[in-house]
Each structure stands twice: as C-alpha cells, then as structure tokens.
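Let me begin by presenting the structure, written as structure tokens, before commenting on it.
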Amino acid sequence: MRFNVPGYPLKFIQKEPSRDASAHQFTYIYKFYSPLTGYNYILRADYHQEDVFAIKFYAQPHKHSDLKYSNITNRGDVPNILVSCLSVVPILLANHPQASFGFIGSRTVDKASQRVEGHQNTQRYRIYKELVKEKIGSLTFEHVDYQSLSGYLLLNRAAVNLKAKEAAILTMFAETYNNLLDV
C-alpha cells in the first residue's frame, strides 16, 4: 500500500483528564472527516508517564462500541485516514519535544463474517508499520517493532539511555493496559 496522499486536516476538540489512577495522565482528542467514507474519525492521543503517547482512532459511528478500535468499516480511504492520524505526531512534538509514540494494530473483529483475527502480527499492525517506516525517519526516533504484540514504538532519541527508556515504557504500558488482549 502506498501512502502518497495528503490526509485530512485535524481539528482539536479538547484535552480530557484521565479519570483513573493509572499512568495515563490525559488525552488530546482530535477529529477529522473523510469525504470518501462519509465518516468523522476520532483520534485520541493518550499521554502517559514516561512522556509517551498512545495513538488511537476509530470511526465516530463506533464510538459506543466496546470494539471501536477493532471494527472495520469496509468503506475504503485507508491511506488518507492513516496519514491523517500520523499527522498528529509533529503537532504533539511541538508541545512535548521529548515524547515517544506507541500504537497497537488492533485485531480485526468482523461481525458480518464472524472473523476474529489473532493478536500477533495483525493486518492493521502490518499496515501501520509500513506507513510509519515510510513517513517517519530515524533522526528523531528509533523505530522499535513488537510483532508478537502487534505493537510499534517511536522511541524519541532525546532520551539519555534509549534501552532504559524503552524498558520503562514497556513496563508502564504492560501495567496500564493489562487487559489489552481481552477482546
């Protein structure tokens, strides 16, 4: 898949405080509209201890679904939607210059075909990984790939000790998202 598309402009909605006692501190919420799918998409940038954002998005019609990050729309426009989501990275770096970024390629849950994808090396993960490698260089970030979790980390090179920073982020994410595989 090629990602030579412009994406759509992000509109900042709000900064939402975290309502739990986890390492998740607050969330920046953005939205954008795809004229091809006819949907608004909600992008959530969850900021955590260790100066790391977890980037998540879903189609607005799925906002009340427990599976909102796993549902598929089958309406196309994947490259523009993903480029739009990735465009949040430089926006967030402007205010958080040492931040790292992580994402998980959620497994697909398709009720129509009764298909539930496994956790490792998901289709979403493979596409996200391709996008990030194409669009984000290695000057600011070290790219760290976790195929067994379908996870990817853009580790900010501003960290003094990258291995220690990576370990701290992984520990924090494991404690914060301990039910990640419970779909």
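Going through the structure tokens in order, the chains are called A, B, and so on, while each chain numbers its residues from 1 and the ligands are numbered from 1 in the order shown.
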Problem - Surrounding residues of Ala59 of chain A excluding itself and chain neighbours under 5 positions, 7 Å, only C-alpha atoms, as a VMD selection string - result: chain A and resid 39 to 42
Enumerate, as a compact mmCIF listing (two decimals) with C-alpha atoms, in the first residue's frame, the complete set of residues in segment 32-171 of chain A that a backbone-based DSSP assignment places in alpha helix (DSSP H).
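File produced: part-v3.txt:
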```
# COMPACT_ATOMS: atom_id res chain seq x y z
CA VAL A 78 -7.36 3.78 4.38
CA PRO A 79 -4.25 5.71 3.23
CA ASN A 80 -5.83 9.15 3.85
CA ILE A 81 -7.22 8.07 7.21
CA LEU A 82 -3.88 6.70 8.41
CA VAL A 83 -1.86 9.66 7.11
CA SER A 84 -4.31 11.94 8.95
CA CYS A 85 -3.70 10.02 12.19
CA LEU A 86 0.06 10.13 11.77
CA VAL A 88 -0.68 14.32 14.93
CA VAL A 89 2.95 13.39 15.72
CA PRO A 90 4.54 16.75 14.73
CA ILE A 91 1.65 18.61 16.36
CA LEU A 92 2.28 16.85 19.67
CA LEU A 93 6.05 17.16 19.38
CA ALA A 94 5.68 20.95 19.28
CA ASN A 95 4.48 20.90 22.93
CA GLN A 123 -3.23 -6.79 9.42
CA ARG A 124 -3.63 -3.33 10.96
CA TYR A 125 -0.21 -3.60 12.57
CA ARG A 126 1.44 -4.57 9.27
CA ILE A 127 -0.15 -1.58 7.52
CA TYR A 128 0.65 0.86 10.35
CA LYS A 129 4.26 -0.35 10.44
CA GLU A 130 4.62 0.20 6.69
CA LEU A 131 3.12 3.70 6.99
CA VAL A 132 5.34 4.75 9.89
CA LYS A 133 8.50 3.47 8.24
CA GLU A 134 7.61 5.38 5.07
CA LYS A 135 6.58 8.66 6.72
CA LEU A 162 17.27 4.55 24.96
CA LYS A 163 17.27 0.98 26.28
CA ALA A 164 16.29 2.11 29.80
CA LYS A 165 13.60 4.40 28.36
CA GLU A 166 12.21 1.59 26.22
CA ALA A 167 12.12 -0.76 29.23
CA ALA A 168 10.35 1.86 31.38
CA ILE A 169 7.75 2.50 28.65
CA LEU A 170 7.12 -1.22 28.15
CA THR A 171 6.66 -1.77 31.89
```
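Take atom CA of Tyr152 of chain A and atom CA of Ser87 of chain A: the distance between them is 16.4 Å.
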Handout entry: Which of segment 88-156 of chain A fall in strand (DSSP E or B), as a PyMOL selection string
Key = chain A and resi 100-104+109-110+115-116+141-146+151-156
